[in-house]
Amino acid sequence: MAVTERELVLQAQKGDQEAFEQLVLASQDRVYTLCLRMTGDREDALDLAQETFLNAWRGLPSFQGNSSFATWVYRLASNACIDFLRRRKRRQQGESSHSLDDEETPLPEPVDPRGTPEEELERRELRRAVERGLQALPERHRQVLVMRELSGLSYQEIAAVLELDLGTVKSRIARARLALKKILIQEGNFFAPSPSKKAEETKRR
Amino acid sequence: MLSCEEAWVQMSQALDGLLSAQEQAELEEHLAHCPECSSDYQALVRMEEALGDLGETPAPPELSARVMARIRAEAGTRRKARRPIPLWRGGRRWQSLAGLAACALLCVGLYYGAGLGGTERDTVTELPEAVQTQPETSADLPESAPEEPEGDPAGADRPAPAQAPASEPEQEPVRSVPEEASPASPNSDVSTSGESGQAVSPAAEGTRDLPEPAEADAGEPETAPPEGGETPAPAVQSAPPEGLGAGSDQALAEEPEEAAAAGETAGDQEGAMVSAAAVPPWGSGTALVLEELPEQVQGLLPAQENWTQEEDGTRWCTVTAEELKAVQAALEAAGIDTALPELPWSEPCAVVLLPEETPQQDSENP
């Protein structure tokens, strides 16, 4: 029998650690992804995600249930990331030590190989390019794109997490995408259709 | 007619399926006549695809593991804070009334002799075995001296005074007990400072109750009116486990001070050194006494099945000072205060895990 989030929250508020663990497991990928993309560093992401969940545990007594737990904890993560980035900016100019940029195959590959090896290679190149592009974006743009594109949150959910109205979310996402496009164009390779892709693109369009 | 800027915003929403039919038509109209926007749209789709491909990154397993470990540790710490834990239950071989009395006396004497003011956890170190009527005690004293946190000058002094009492273990206890009221005398033998007088008294009483060295938590050897001399617990260490709370009726008189010091610092858990009315089974090295073994340190220590288990359920293992330092660091990183004395520590060090049931005072008192 499935236990609802609401029930888990009530149990956790009474001190039930197992219930809280279930809540953590249900939202950890989303939280970790945000922390990872915002910080660009695995260790920092792990620390921030950990702190986020600990703060959620400690803050449970005052969690009112006005939003879902998932939204609430995600908001905590989002704020923690922004704070972290501000502090990091003040501390240093350079990159962190475990930068995603440094890794060759940093992340698990998607499991649905679609085409020929060349196409797969190209797909990987594009992924790497958008990853770099994401890291180069200003925080506010990066944040909404991670939420919308990587975690698939709806505009409403994003509005709830960031406590913004829908119109602001729409325009922020549009601006973020525009900014990313510009970065990718500057980088050079992203939008140059390669021979193997040309035929495919024609078909798709 | 849409401007190219507006068209971009519309394209963005089109991607997310948010356009009305009319808006969709307007956009298509624009794209049909604007090659730049048309290629922009292609770029957008391509970008969207690549981002979707990236997807979420699964959280590593250590995330939830660490979170839950911290939560458990914090919950455990809070729960266990301030609970007095009697260290020694009845029937310990290494305890004896006489021994304790002698210890008390010695401790007091040593303490005062050393001129220690007893602020911090001065885990003094174990009482010489003189208590156990073993002449070797004197040998212990000098050893313990270095362990004394405040020790330096004090340490130097201690061995000397210790010698005297050490050599007469049998006599001291006898003398001190009946002489509660006349603190000065026994003390004068051992200590150079004058305060010992008071200490003796407590000590005497303390020893009577002893069987458990205890937790003299904050030092009051309860019986020993620490107040009196506040007995700066010379050498003994109480292992004020948590809360050095009141439980320590049994505490050796000496303990008080350092117990106190240790006690308040211990706060949550473990703590200090093994007190010594008698040398405990794990020897006279520096010991970390815990009520439970947090996850953070389990990996740093031998497997529990290899630990020695005493009759009352106490389990312990010996470790090097380096290993104990690592344990201390891990505990402190988790916010658990260890109340260990300052370095150097006396080896072999030990980690002692108290048995699980509710602590009870031993009631062996005569």
# chains A, B, ... in the order shown; residues from 1 in each chain; ligands from 1
call {"tool": "closest_atom_pairs", "arguments": {"of": "chain B", "to": "chain A", "cutoff": "7 Å", "atoms": "only C-alpha atoms", "output": "Markdown table"}}
result
| residue | atom | partner | partner_atom | distance |
| --- | --- | --- | --- | --- |
| B:Val9 | CA | A:Ala174 | CA | 5.4 |
| B:Ser12 | CA | A:Ala174 | CA | 5.4 |
| B:Ala43 | CA | A:Phe191 | CA | 6.5 |
| B:Ala50 | CA | A:Arg127 | CA | 5.2 |
| B:Leu51 | CA | A:Glu149 | CA | 5.9 |
| B:Gly52 | CA | A:Glu149 | CA | 5.8 |
| B:Asp53 | CA | A:Pro110 | CA | 6.7 |
| B:Leu54 | CA | A:Arg127 | CA | 6.2 |
| B:Gly55 | CA | A:Leu150 | CA | 4.4 |
| B:Glu56 | CA | A:Leu150 | CA | 5.4 |
| B:Thr57 | CA | A:Thr33 | CA | 5.2 |
| B:Pro58 | CA | A:Asp29 | CA | 4.8 |
| B:Ala59 | CA | A:Asp29 | CA | 4.8 |
| B:Leu63 | CA | A:Gln50 | CA | 6.2 |
| B:Ser64 | CA | A:Val24 | CA | 6.7 |
| B:Val67 | CA | A:Gln50 | CA | 5.7 |
| B:Met68 | CA | A:Glu21 | CA | 6.9 |
call {"tool": "residues_around", "arguments": {"residues": "Leu60 of chain A", "least_positions_apart": "3", "cutoff": "12 Å", "atoms": "only C-alpha atoms", "output": "PyMOL selection string"}}
result
chain A and resi 8-17+20+23+53-57+63-65+69+72-73
